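Novice: Encoded as structure tokens, here's the structure I'll be asking about.
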Amino acid sequence: MQAQFTIPVRVTGKQRLLNVMASLMLLISVCSTQADAAVPAQAYPLATDVSSIDGIMHAYYDVVSGPPNMPRDIARDISLHHPRAQIFPIVRDKNEEPRLLVFSVQEFHAWSKPVYDTGFYEREIAREVKRFGSSFHIWSTYETRQTPDGEVTSRGINNIQLYFDGQRYWILSETWDSESPRNPLPTKNGVSK
């Protein structure tokens with residue numbers, strides 16, 4: 001089936017103006033779309049994020065921290081993680097029994113959104129690093145608040161596996177557990193009570 005087009009025999013000044021305006025609108029639309037695609041909002045990973053353990057740990061806490069309802073920089077967080085990395089939060093039921101969850105980075109951010117929406121700031125208060133070759137194991141003791149200077153709402157230990165490929169650090173996996181009466185922080189990993 002062929003499309004049929006009608007070409008006016010005589011184009012009026014008004015039609016010519018409309019045609020020119022439509023062509024300009026199309027050109028502007030195409031140019032702005034190409035300009036948007038050519039200039040990313042932020043090029044990740046940031047060298048300061050992945051060139052050292054201090055850098056990746058700073059970024060690790062920075063990407064999840066922020067005021068209520070502020071979107072987190074998921075693209076930056078993805079850039080910290082190996083493409084096949086997984087996140088394994090340990091949650092506790094009402095009887096304090098542990099349960100392991102498994103997420104991709106994107107799934108983790110979707111799961112965490114209700115917490116982010118109330119305001120969430122996490123900071124490192126102690127760190128222990130073990131290394132063998134290009135493999136690193138990080139025990140990072142944390143505390144969380146709903147505002148930067150607010151009351152501490154929880155503490156625990158993030159257990160992070162890093163890989164250094166000779167150019168940059170990658171988060172391979174992470175898990176954590178929170179402090180509770182049945183699960184106190186060890187003295188050497190944090191501030192004891």
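Here's how to read the names in the structure tokens: chain A, B, ... by the order shown, residue numbers from 1 in each chain, ligand numbers from 1 in the order shown.
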Residues of stretch 36-189 of chain A classed as alpha helix (DSSP H) by DSSP on the backbone are to be reported as an NGL selection string.
Specialist: :A and (36-38 or 47-50 or 53-62 or 74-80 or 105-116)
Novice: With only C-alpha atoms as the counted atoms, please give the residues lying no more than 8 Å from A:Pro67, apart from itself and same-chain residues fewer than 4 positions off, as a list in words.
Specialist: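 Contacts, with the query itself left out: Tyr116, Asp117, Thr118, Gly119, Phe120, Tyr121, Gln146 and Thr147 of chain A.
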Novice: Now that the selection is made, can you save its residues with C-alpha atoms as a compact mmCIF listing (two decimals), in the first residue's frame?
Specialist:
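The resulting file, selection-v5.txt, is shown below:
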```txt
# COMPACT_ATOMS: atom_id res chain seq x y z
CA TYR A 116 15.26 7.94 51.93
CA ASP A 117 11.90 9.73 51.89
CA THR A 118 12.12 10.34 55.65
CA GLY A 119 15.69 11.68 55.49
CA PHE A 120 18.69 9.39 55.82
CA TYR A 121 22.31 10.16 56.59
CA GLN A 146 17.50 11.39 59.77
CA THR A 147 19.27 14.77 59.65
```
Novice: Need the shell around A:Arg72: protein/DNA/RNA residues with any atom at most 10 Å away, counting only C-alpha atoms. Skip same-chain ones fewer than 3 positions apart. Format as a list of chain:residue names?
Specialist: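 In the requested format, the answer is A:Asp62, A:Val63, A:Val64, A:Ser65, A:Gly66, A:Pro67, A:Asn69, A:Ala75, A:Arg76, A:Asp77, A:His109, A:Lys113, A:Tyr116.
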Novice: Given the choices A:Leu101, A:Asp54, A:Pro148, A:Pro114, which gets closest to A:Thr175 if the distance is worked out from only C-alpha atoms?
Specialist: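 Of A:Leu101, A:Asp54, A:Pro148, A:Pro114, the one nearest A:Thr175, counting only C-alpha atoms, is A:Leu101.
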Novice: Name all residues at most 8 Å from A:Val129 (count only C-alpha atoms; drop same-chain ones fewer than 5 positions away) and give them as a ChimeraX atom specification.
Specialist: /A:136-139
Novice: Need the shell around A:Asn158: protein/DNA/RNA residues with any atom at most 9 Å away, counting only C-alpha atoms. Skip same-chain ones fewer than 4 positions apart. Format as a list in words?
Specialist: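 Counting only C-alpha atoms, the residues come to Ile138, Trp139, Ser140, Thr141, Tyr142, Glu174, Thr175, Trp176, Asp177 and Ser178 of chain A.
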Novice: Please measure the separation of atom CA of A:Val105 and atom CA of A:Ala85, giving the value in Å to one decimal.
Specialist: 7.6 Å
Novice: Would you list the contacts of A:Ser51 as a list in words, taking every protein, DNA or RNA residue within 9 Å and counting only C-alpha atoms, but skipping same-chain residues closer than 5 positions in sequence?
Specialist: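 Neighbouring residues, sequence-local ones excluded: Leu46, Ile56, Gln167, Arg168 and Tyr169 of chain A.
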Novice: Please report the interatomic distance between atom CA of A:Pro184 and atom CA of A:Gln161 in Å with one decimal.
Specialist: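 Pair atom CA of A:Pro184 / atom CA of A:Gln161 returns 22.3 Å.
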Novice: Choose the residue, out of A:Ile74, A:Arg84, A:Arg131, A:Tyr61, that has the smallest atom-to-atom separation from A:Glu143; count only C-alpha atoms.
Specialist: A:Tyr61
Novice: In Å, how far is it from atom CA of A:Trp111 to atom CA of A:Pro98?
Specialist: 17.7 Å
Novice: Of the residues A:Pro181, A:Gly166, A:Pro186, A:Pro68, which is the one nearest to A:Ser52, using only C-alpha atoms?
Specialist: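 Checking each of A:Pro181, A:Gly166, A:Pro186, A:Pro68 against A:Ser52, counting only C-alpha atoms, the winner is A:Gly166.
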Novice: What parts of stretch 44-191 of chain A does DSSP call strand (DSSP E)? I'd like the answer as a ChimeraX atom specification.
Specialist: /A:81-92,98-100,121-132,135-145,154-164,169-178
